[in-house]
>>> print(open('query_7.cif').read())   # mmCIF, C-alpha atoms, pLDDT in the B column; chains and numbers go by the auth columns
data_data
loop_
_atom_site.group_PDB
_atom_site.id
_atom_site.type_symbol
_atom_site.label_atom_id
_atom_site.label_comp_id
_atom_site.label_asym_id
_atom_site.label_seq_id
_atom_site.Cartn_x
_atom_site.Cartn_y
_atom_site.Cartn_z
_atom_site.B_iso_or_equiv
_atom_site.auth_seq_id
_atom_site.auth_asym_id
ATOM 1 C CA MET A 1 89.648 130.511 26.193 57.00 128 A
ATOM 2 C CA ARG A 2 88.636 134.125 25.598 63.00 129 A
ATOM 3 C CA GLN A 3 87.070 135.910 28.535 65.00 130 A
ATOM 4 C CA ARG A 4 83.746 137.526 27.821 66.00 131 A
ATOM 5 C CA ARG A 5 83.392 141.159 28.810 71.00 132 A
ATOM 6 C CA LEU A 6 80.412 142.110 30.924 66.00 133 A
ATOM 7 C CA ASN A 7 77.906 144.352 29.336 68.00 134 A
ATOM 8 C CA GLU A 8 76.597 147.494 31.002 72.00 135 A
ATOM 9 C CA GLU A 9 73.591 145.740 32.578 69.00 136 A
ATOM 10 C CA GLU A 10 75.759 142.959 34.029 71.00 137 A
ATOM 11 C CA GLN A 11 78.282 145.496 35.349 71.00 138 A
ATOM 12 C CA ALA A 12 75.478 147.381 37.130 67.00 139 A
ATOM 13 C CA LEU A 13 74.176 144.170 38.705 66.00 140 A
ATOM 14 C CA TRP A 14 77.673 143.198 39.889 64.00 141 A
ATOM 15 C CA ALA A 15 78.314 146.634 41.332 69.00 142 A
ATOM 16 C CA ALA A 16 75.026 146.489 43.260 63.00 143 A
ATOM 17 C CA PHE A 17 75.906 143.010 44.561 61.00 144 A
ATOM 18 C CA ALA A 18 79.443 143.873 45.511 62.00 145 A
ATOM 19 C CA HIS A 19 78.352 147.072 47.258 62.00 146 A
ATOM 20 C CA GLY A 20 76.906 145.107 50.204 58.00 147 A
ATOM 21 C CA ILE A 21 79.920 142.876 50.647 62.00 148 A
ATOM 22 C CA ALA A 22 82.361 143.744 53.438 62.00 149 A
ATOM 23 C CA PRO A 23 85.902 142.394 53.220 61.00 150 A
ATOM 24 C CA LEU A 24 86.803 139.674 55.692 59.00 151 A
ATOM 25 C CA ARG A 25 89.045 140.804 58.546 59.00 152 A
ATOM 26 C CA THR A 26 92.077 138.696 59.202 53.00 153 A
ATOM 27 C CA ALA A 27 92.092 137.153 62.630 49.00 154 A
ATOM 28 C CA ARG A 28 94.436 138.965 64.923 57.00 155 A
ATOM 29 C CA GLN A 29 95.998 137.504 68.021 54.00 156 A
ATOM 30 C CA ALA A 30 94.188 138.818 71.038 53.00 157 A
ATOM 31 C CA LYS A 31 96.346 141.034 73.150 60.00 158 A
ATOM 32 C CA PRO A 32 96.650 139.837 76.739 58.00 159 A
ATOM 33 C CA VAL A 33 94.732 141.963 79.153 56.00 160 A
ATOM 34 C CA ALA A 34 97.041 143.354 81.800 62.00 161 A
ATOM 35 C CA LEU A 35 95.637 142.558 85.240 62.00 162 A
ATOM 36 C CA PRO A 36 96.191 145.028 88.050 57.00 163 A
ATOM 37 C CA PRO A 37 99.026 143.940 90.328 62.00 164 A
ATOM 38 C CA GLU A 38 97.941 142.081 93.452 58.00 165 A
ATOM 39 C CA PRO A 39 98.392 144.024 96.663 53.00 166 A
ATOM 40 C CA PRO A 40 101.219 142.738 98.854 54.00 167 A
ATOM 41 C CA ALA A 41 100.133 140.187 101.421 52.00 168 A
ATOM 42 C CA ILE A 42 99.652 141.814 104.806 48.00 169 A
ATOM 43 C CA PRO A 43 100.191 139.495 107.770 44.00 170 A
ATOM 44 C CA PRO A 44 97.211 139.393 110.108 45.00 171 A
ATOM 45 C CA THR A 45 97.537 141.642 113.072 42.00 172 A
ATOM 46 C CA ILE A 46 97.465 139.723 116.343 40.00 173 A
ATOM 47 C CA PRO A 47 96.223 141.882 119.158 44.00 174 A
ATOM 48 C CA ALA A 48 98.593 142.000 122.056 42.00 175 A
ATOM 49 C CA LYS A 49 97.258 140.370 125.180 44.00 176 A
ATOM 50 C CA PRO A 50 97.158 142.546 128.235 46.00 177 A
ATOM 51 C CA GLY A 51 99.494 141.700 131.044 49.00 178 A
ATOM 52 C CA MET A 52 102.973 140.266 131.003 48.00 179 A
ATOM 53 C CA SER A 53 104.982 139.831 127.849 52.00 180 A
ATOM 54 C CA ARG A 54 106.025 136.353 126.724 49.00 181 A
ATOM 55 C CA ALA A 55 109.633 137.088 127.654 51.00 182 A
ATOM 56 C CA ALA A 56 108.615 138.181 131.150 51.00 183 A
ATOM 57 C CA ILE A 57 106.497 135.042 131.651 43.00 184 A
ATOM 58 C CA MET A 58 109.352 132.786 130.544 44.00 185 A
ATOM 59 C CA GLN A 59 111.733 134.636 132.887 48.00 186 A
ATOM 60 C CA ARG A 60 109.444 134.030 135.840 45.00 187 A
ATOM 61 C CA LEU A 61 108.916 130.409 134.860 39.00 188 A
ATOM 62 C CA THR A 62 112.646 129.708 134.794 40.00 189 A
ATOM 63 C CA ALA A 63 113.069 131.584 138.080 44.00 190 A
ATOM 64 C CA GLY A 64 110.378 129.431 139.735 41.00 191 A
ATOM 65 C CA GLY A 65 107.936 132.277 140.287 41.00 192 A
ATOM 66 C CA VAL A 66 104.964 130.727 138.549 40.00 193 A
ATOM 67 C CA HIS A 67 103.946 127.273 137.556 42.00 194 A
ATOM 68 C CA ALA A 68 102.012 126.625 134.356 42.00 195 A
ATOM 69 C CA VAL A 69 99.211 124.210 135.042 44.00 196 A
ATOM 70 C CA HIS A 70 97.406 123.781 131.785 41.00 197 A
ATOM 71 C CA GLY A 71 97.868 125.324 128.380 40.00 198 A
ATOM 72 C CA THR A 72 96.264 125.023 124.918 35.00 199 A
ATOM 73 C CA ALA A 73 95.847 127.190 121.934 33.00 200 A
ATOM 74 C CA SER A 74 92.777 128.714 123.485 32.00 201 A
ATOM 75 C CA HIS A 75 93.042 128.142 127.197 34.00 202 A
ATOM 76 C CA SER A 76 95.645 128.354 129.944 38.00 203 A
ATOM 77 C CA LEU A 77 95.826 128.533 133.695 40.00 204 A
ATOM 78 C CA THR A 78 98.716 129.812 135.749 45.00 205 A
ATOM 79 C CA VAL A 79 98.921 129.737 139.527 48.00 206 A
ATOM 80 C CA GLN A 80 101.406 131.295 141.870 46.00 207 A
ATOM 81 C CA LYS A 81 103.638 128.871 143.700 44.00 208 A
ATOM 82 C CA GLY A 82 103.888 128.923 147.431 45.00 209 A
ATOM 83 C CA ARG A 83 107.121 130.118 148.936 51.00 210 A
ATOM 84 C CA GLY A 84 108.089 126.515 149.599 53.00 211 A
ATOM 85 C CA GLY A 85 107.319 125.401 146.045 83.00 212 A
ATOM 86 C CA ALA A 86 105.611 122.028 145.811 89.00 213 A
ATOM 87 C CA PHE A 87 104.115 120.641 148.999 91.00 214 A
ATOM 88 C CA GLU A 88 106.093 117.531 149.967 89.00 215 A
ATOM 89 C CA ILE A 89 103.954 114.423 150.143 91.00 216 A
ATOM 90 C CA GLY A 90 104.768 111.897 152.878 89.00 217 A
ATOM 91 C CA VAL A 91 107.058 114.264 154.770 89.00 218 A
ATOM 92 C CA ARG A 92 106.444 115.208 158.376 90.00 219 A
ATOM 93 C CA ARG A 93 106.628 118.937 158.863 86.00 220 A
ATOM 94 C CA PRO A 94 107.897 120.676 161.989 85.00 221 A
ATOM 95 C CA GLY A 95 105.267 121.279 164.635 82.00 222 A
ATOM 96 C CA LEU A 96 103.142 118.219 163.885 89.00 223 A
ATOM 97 C CA ASP A 97 102.557 116.056 166.965 91.00 224 A
ATOM 98 C CA ASP A 98 103.345 112.349 166.963 92.00 225 A
ATOM 99 C CA THR A 99 99.760 111.187 167.453 93.00 226 A
ATOM 100 C CA SER A 100 98.398 113.137 164.483 92.00 227 A
ATOM 101 C CA TRP A 101 101.266 112.076 162.225 93.00 228 A
ATOM 102 C CA ARG A 102 101.001 108.381 163.122 93.00 229 A
ATOM 103 C CA GLY A 103 97.234 108.453 162.695 93.00 230 A
ATOM 104 C CA LEU A 104 97.564 110.071 159.256 93.00 231 A
ATOM 105 C CA VAL A 105 100.298 107.720 158.008 91.00 232 A
ATOM 106 C CA SER A 106 98.695 104.558 159.355 91.00 233 A
ATOM 107 C CA GLY A 107 95.289 105.402 157.912 89.00 234 A
ATOM 108 C CA LYS A 108 93.597 105.443 161.338 91.00 235 A
ATOM 109 C CA LEU A 109 92.752 109.112 160.845 93.00 236 A
ATOM 110 C CA ARG A 110 89.928 108.680 158.369 94.00 237 A
ATOM 111 C CA PRO A 111 88.991 111.473 155.949 95.00 238 A
ATOM 112 C CA ALA A 112 85.758 113.257 156.785 96.00 239 A
ATOM 113 C CA ARG A 113 85.339 114.559 153.231 96.00 240 A
ATOM 114 C CA ARG A 114 86.472 113.383 149.829 96.00 241 A
ATOM 115 C CA LEU A 115 87.007 115.308 146.555 96.00 242 A
ATOM 116 C CA ASP A 116 87.208 113.279 143.353 95.00 243 A
ATOM 117 C CA LEU A 117 89.000 115.218 140.587 94.00 244 A
ATOM 118 C CA HIS A 118 89.523 112.200 138.347 87.00 245 A
ATOM 119 C CA GLY A 119 88.874 113.096 134.709 86.00 246 A
ATOM 120 C CA GLN A 120 88.603 116.858 135.327 89.00 247 A
ATOM 121 C CA VAL A 121 90.477 119.382 133.202 92.00 248 A
ATOM 122 C CA ALA A 122 93.179 121.207 135.132 93.00 249 A
ATOM 123 C CA GLN A 123 91.435 124.559 135.370 93.00 250 A
ATOM 124 C CA THR A 124 88.206 123.079 136.717 94.00 251 A
ATOM 125 C CA ALA A 125 90.094 120.765 139.070 95.00 252 A
ATOM 126 C CA PHE A 126 92.114 123.608 140.558 96.00 253 A
ATOM 127 C CA HIS A 127 89.078 125.777 141.290 96.00 254 A
ATOM 128 C CA ARG A 128 87.196 122.842 142.800 96.00 255 A
ATOM 129 C CA LEU A 129 90.195 121.954 144.975 96.00 256 A
ATOM 130 C CA HIS A 130 90.623 125.535 146.133 96.00 257 A
ATOM 131 C CA GLY A 131 87.004 125.913 147.203 95.00 258 A
ATOM 132 C CA PHE A 132 86.953 122.456 148.773 96.00 259 A
ATOM 133 C CA LEU A 133 89.951 123.078 151.041 96.00 260 A
ATOM 134 C CA ILE A 134 88.868 126.585 152.029 96.00 261 A
ATOM 135 C CA GLN A 135 85.417 125.311 153.025 96.00 262 A
ATOM 136 C CA ALA A 136 86.757 122.243 154.826 96.00 263 A
ATOM 137 C CA HIS A 137 89.125 124.382 156.888 96.00 264 A
ATOM 138 C CA ALA A 138 86.355 126.848 157.701 95.00 265 A
ATOM 139 C CA ASP A 139 84.217 123.917 158.896 95.00 266 A
ATOM 140 C CA ASN A 140 87.060 122.619 161.113 95.00 267 A
ATOM 141 C CA VAL A 141 87.339 119.387 159.150 96.00 268 A
ATOM 142 C CA ARG A 142 90.498 117.620 160.259 94.00 269 A
ATOM 143 C CA CYS A 143 91.277 115.240 157.405 96.00 270 A
ATOM 144 C CA VAL A 144 90.189 115.170 153.739 96.00 271 A
ATOM 145 C CA GLU A 145 91.025 112.966 150.778 96.00 272 A
ATOM 146 C CA ILE A 146 91.714 114.228 147.259 96.00 273 A
ATOM 147 C CA ILE A 147 91.584 111.815 144.324 94.00 274 A
ATOM 148 C CA THR A 148 93.445 112.745 141.138 93.00 275 A
ATOM 149 C CA GLY A 149 93.792 109.348 139.518 89.00 276 A
ATOM 150 C CA LEU A 150 97.070 107.901 138.347 85.00 277 A
ATOM 151 C CA GLY A 151 96.901 109.334 134.819 78.00 278 A
ATOM 152 C CA SER A 152 99.084 108.203 131.944 69.00 279 A
ATOM 153 C CA GLY A 153 102.808 108.554 131.399 66.00 280 A
ATOM 154 C CA HIS A 154 105.805 107.839 133.569 63.00 281 A
ATOM 155 C CA ASN A 155 105.051 110.649 136.026 61.00 282 A
ATOM 156 C CA GLY A 156 101.279 110.281 135.925 67.00 283 A
ATOM 157 C CA GLY A 157 98.603 112.621 134.658 86.00 284 A
ATOM 158 C CA ILE A 158 98.607 116.394 134.847 90.00 285 A
ATOM 159 C CA LEU A 159 96.414 116.529 137.979 93.00 286 A
ATOM 160 C CA ARG A 160 98.680 114.172 139.860 91.00 287 A
ATOM 161 C CA ARG A 161 101.759 116.167 138.840 91.00 288 A
ATOM 162 C CA GLU A 162 100.281 119.571 139.600 94.00 289 A
ATOM 163 C CA LEU A 163 98.559 118.814 142.906 94.00 290 A
ATOM 164 C CA PRO A 164 101.699 119.350 145.067 94.00 291 A
ATOM 165 C CA PHE A 165 102.174 122.800 143.498 95.00 292 A
ATOM 166 C CA TRP A 166 98.551 123.731 144.092 95.00 293 A
ATOM 167 C CA LEU A 167 98.831 122.632 147.729 94.00 294 A
ATOM 168 C CA GLY A 168 102.040 124.653 148.044 93.00 295 A
ATOM 169 C CA ARG A 169 100.326 127.922 147.190 91.00 296 A
ATOM 170 C CA GLY A 170 100.427 130.552 149.891 91.00 297 A
ATOM 171 C CA ASP A 171 96.667 130.621 150.388 92.00 298 A
ATOM 172 C CA LEU A 172 96.338 126.823 150.627 94.00 299 A
ATOM 173 C CA GLY A 173 99.661 125.772 152.137 92.00 300 A
ATOM 174 C CA ARG A 174 99.014 127.744 155.310 92.00 301 A
ATOM 175 C CA LEU A 175 95.918 125.582 155.941 94.00 302 A
ATOM 176 C CA ILE A 176 97.755 122.265 155.662 94.00 303 A
ATOM 177 C CA LEU A 177 99.820 120.369 158.225 94.00 304 A
ATOM 178 C CA ALA A 178 100.747 117.278 156.196 94.00 305 A
ATOM 179 C CA VAL A 179 99.925 115.341 153.040 94.00 306 A
ATOM 180 C CA VAL A 180 100.362 111.583 152.545 93.00 307 A
ATOM 181 C CA HIS A 181 99.208 108.892 150.161 92.00 308 A
ATOM 182 C CA PRO A 182 96.609 106.543 151.688 87.00 309 A
ATOM 183 C CA HIS A 183 99.097 103.715 151.056 80.00 310 A
ATOM 184 C CA ALA A 184 102.135 103.149 148.884 75.00 311 A
ATOM 185 C CA ALA A 185 100.158 101.368 146.168 75.00 312 A
ATOM 186 C CA ASN A 186 97.708 104.267 145.784 79.00 313 A
ATOM 187 C CA GLN A 187 99.602 107.177 144.243 84.00 314 A
ATOM 188 C CA GLY A 188 96.440 108.580 142.646 89.00 315 A
ATOM 189 C CA ALA A 189 95.055 109.981 145.902 92.00 316 A
ATOM 190 C CA VAL A 190 96.288 111.933 148.915 94.00 317 A
ATOM 191 C CA ARG A 191 95.033 112.554 152.405 95.00 318 A
ATOM 192 C CA VAL A 192 95.434 116.056 153.730 96.00 319 A
ATOM 193 C CA LEU A 193 95.663 116.919 157.410 95.00 320 A
ATOM 194 C CA LEU A 194 94.284 120.432 157.863 95.00 321 A
ATOM 195 C CA ARG A 195 95.080 122.927 160.560 92.00 322 A
ATOM 196 C CA ARG A 196 92.259 123.853 162.806 87.00 323 A
ATOM 197 C CA SER A 197 90.595 127.161 162.111 80.00 324 A
ATOM 198 C CA VAL A 198 90.912 130.081 164.464 71.00 325 A
ATOM 199 C CA ARG A 199 87.724 128.994 166.194 61.00 326 A
ATOM 200 C CA GLY A 200 89.309 125.619 167.058 53.00 327 A
ATOM 201 C CA ASN A 201 92.042 124.802 169.507 53.00 328 A
ATOM 202 C CA GLY A 202 95.492 123.379 168.842 54.00 329 A
ATOM 203 C CA LEU A 203 96.846 122.368 165.468 63.00 330 A
#
>>> encode(input="query_7.cif", output="structure tokens")
Amino acid sequence: MRQRRLNEEEQALWAAFAHGIAPLRTARQAKPVALPPEPPAIPPTIPAKPGMSRAAIMQRLTAGGVHAVHGTASHSLTVQKGRGGAFEIGVRRPGLDDTSWRGLVSGKLRPARRLDLHGQVAQTAFHRLHGFLIQAHADNVRCVEIITGLGSGHNGGILRRELPFWLGRGDLGRLILAVVHPHAANQGAVRVLLRRSVRGNGL
């Protein structure tokens, strides 16, 4: 089949039509955009707590200088031990007369005041105990009872375990003559025989 040649008028029309046509661009693969490198991870700075270093605390703990009472991620309480360590419960100390000791052990010496620490957190319990004994001694109270509860576990709860160390502190131990359980079946409470204050006479 012979191709027909365009005349001058048709060529002019085609040129005008083709003038407004732009050639299609071939799709190119998009170049990956280079992201700026991430800054190296900087570990958070933990401010150093004032006071003793961890190593120094552990050294004193192992040496028996301090006794940790309660510790969490946000809270802790540490008290100084007395020179004698834990106050021995049920042991007669030198200087205690027979009548006072027998009355305390037999239960005839009834407590004049009672402090119930059952269910308290250690920090609150310690401060309540401290104020209670100081005030009782100042008021010349002879015998008081402190209730810790039995607690859970083989050795009891934290209050029951820590009470002898609190009573053995220098500022509290000097006020105390003896500590016993009310009876063998009640290990969740103790009765404390206090020394008389300076205003009183005798032990």
>>> residues_around(input="query_7.cif", residues="Arg287 (chain A)", least_positions_apart="2", cutoff="9 Å", atoms="all atoms listed in the file", output="PyMOL selection string")
chain A and resi 274-278+282-285+289-291+314-316
>>> closest_residue(input="query_7.cif", among="A:Gly222, A:Thr251, A:Ser233, A:Glu137", to="Ala311 (chain A)", atoms="all atoms listed in the file")
A:Ser233
>>> resolve_selection(input="query_7.cif", expression="the PyMOL selection byres ((chain A and resi 300) around 12)", output="ChimeraX atom specification")
/A:207-215,220,257,260-261,264,290-299,301-306,319-322
>>> closest_residue(input="query_7.cif", among="A:Arg237, A:Arg288, A:Arg229, A:Arg255", to="Arg318 (chain A)", atoms="all atoms listed in the file")
A:Arg237
>>> closest_residue(input="query_7.cif", among="A:Leu286, A:Ala265, A:Val218, A:Val271", to="Pro238 (chain A)", atoms="all atoms listed in the file")
A:Val271
>>> atom_distance(input="query_7.cif", atom1="CA of Ile273 (chain A)", atom2="CA of Leu256 (chain A)")
8.2 Å
>>> atom_distance(input="query_7.cif", atom1="CA of Ile216 (chain A)", atom2="CA of Val307 (chain A)")
5.2 Å
>>> atom_distance(input="query_7.cif", atom1="CA of Val325 (chain A)", atom2="CA of Ala252 (chain A)")
27.1 Å
>>> resolve_selection(input="query_7.cif", expression="the PyMOL selection byres ((chain A and resi 240) around 9)", output="PDB file with C-alpha atoms, keeping the file's coordinate frame")
ATOM      1  CA  PRO A 238      88.991 111.473 155.949  1.00 95.00           C
ATOM      2  CA  ALA A 239      85.758 113.257 156.785  1.00 96.00           C
ATOM      3  CA  ARG A 241      86.472 113.383 149.829  1.00 96.00           C
ATOM      4  CA  LEU A 242      87.007 115.308 146.555  1.00 96.00           C
ATOM      5  CA  ALA A 263      86.757 122.243 154.826  1.00 96.00           C
ATOM      6  CA  VAL A 268      87.339 119.387 159.150  1.00 96.00           C
ATOM      7  CA  CYS A 270      91.277 115.240 157.405  1.00 96.00           C
ATOM      8  CA  VAL A 271      90.189 115.170 153.739  1.00 96.00           C
ATOM      9  CA  GLU A 272      91.025 112.966 150.778  1.00 96.00           C
ATOM     10  CA  ILE A 273      91.714 114.228 147.259  1.00 96.00           C
TER      11      ILE A 273
END
>>> axis_aligned_box(input="query_7.cif", around="region 233-250 of chain A", padding_each_side="5 Å", output="lines of an AutoDock Vina configuration file")
center_x = 92.0
center_y = 114.6
center_z = 147.3
size_x = 23.4
size_y = 30.0
size_z = 38.1
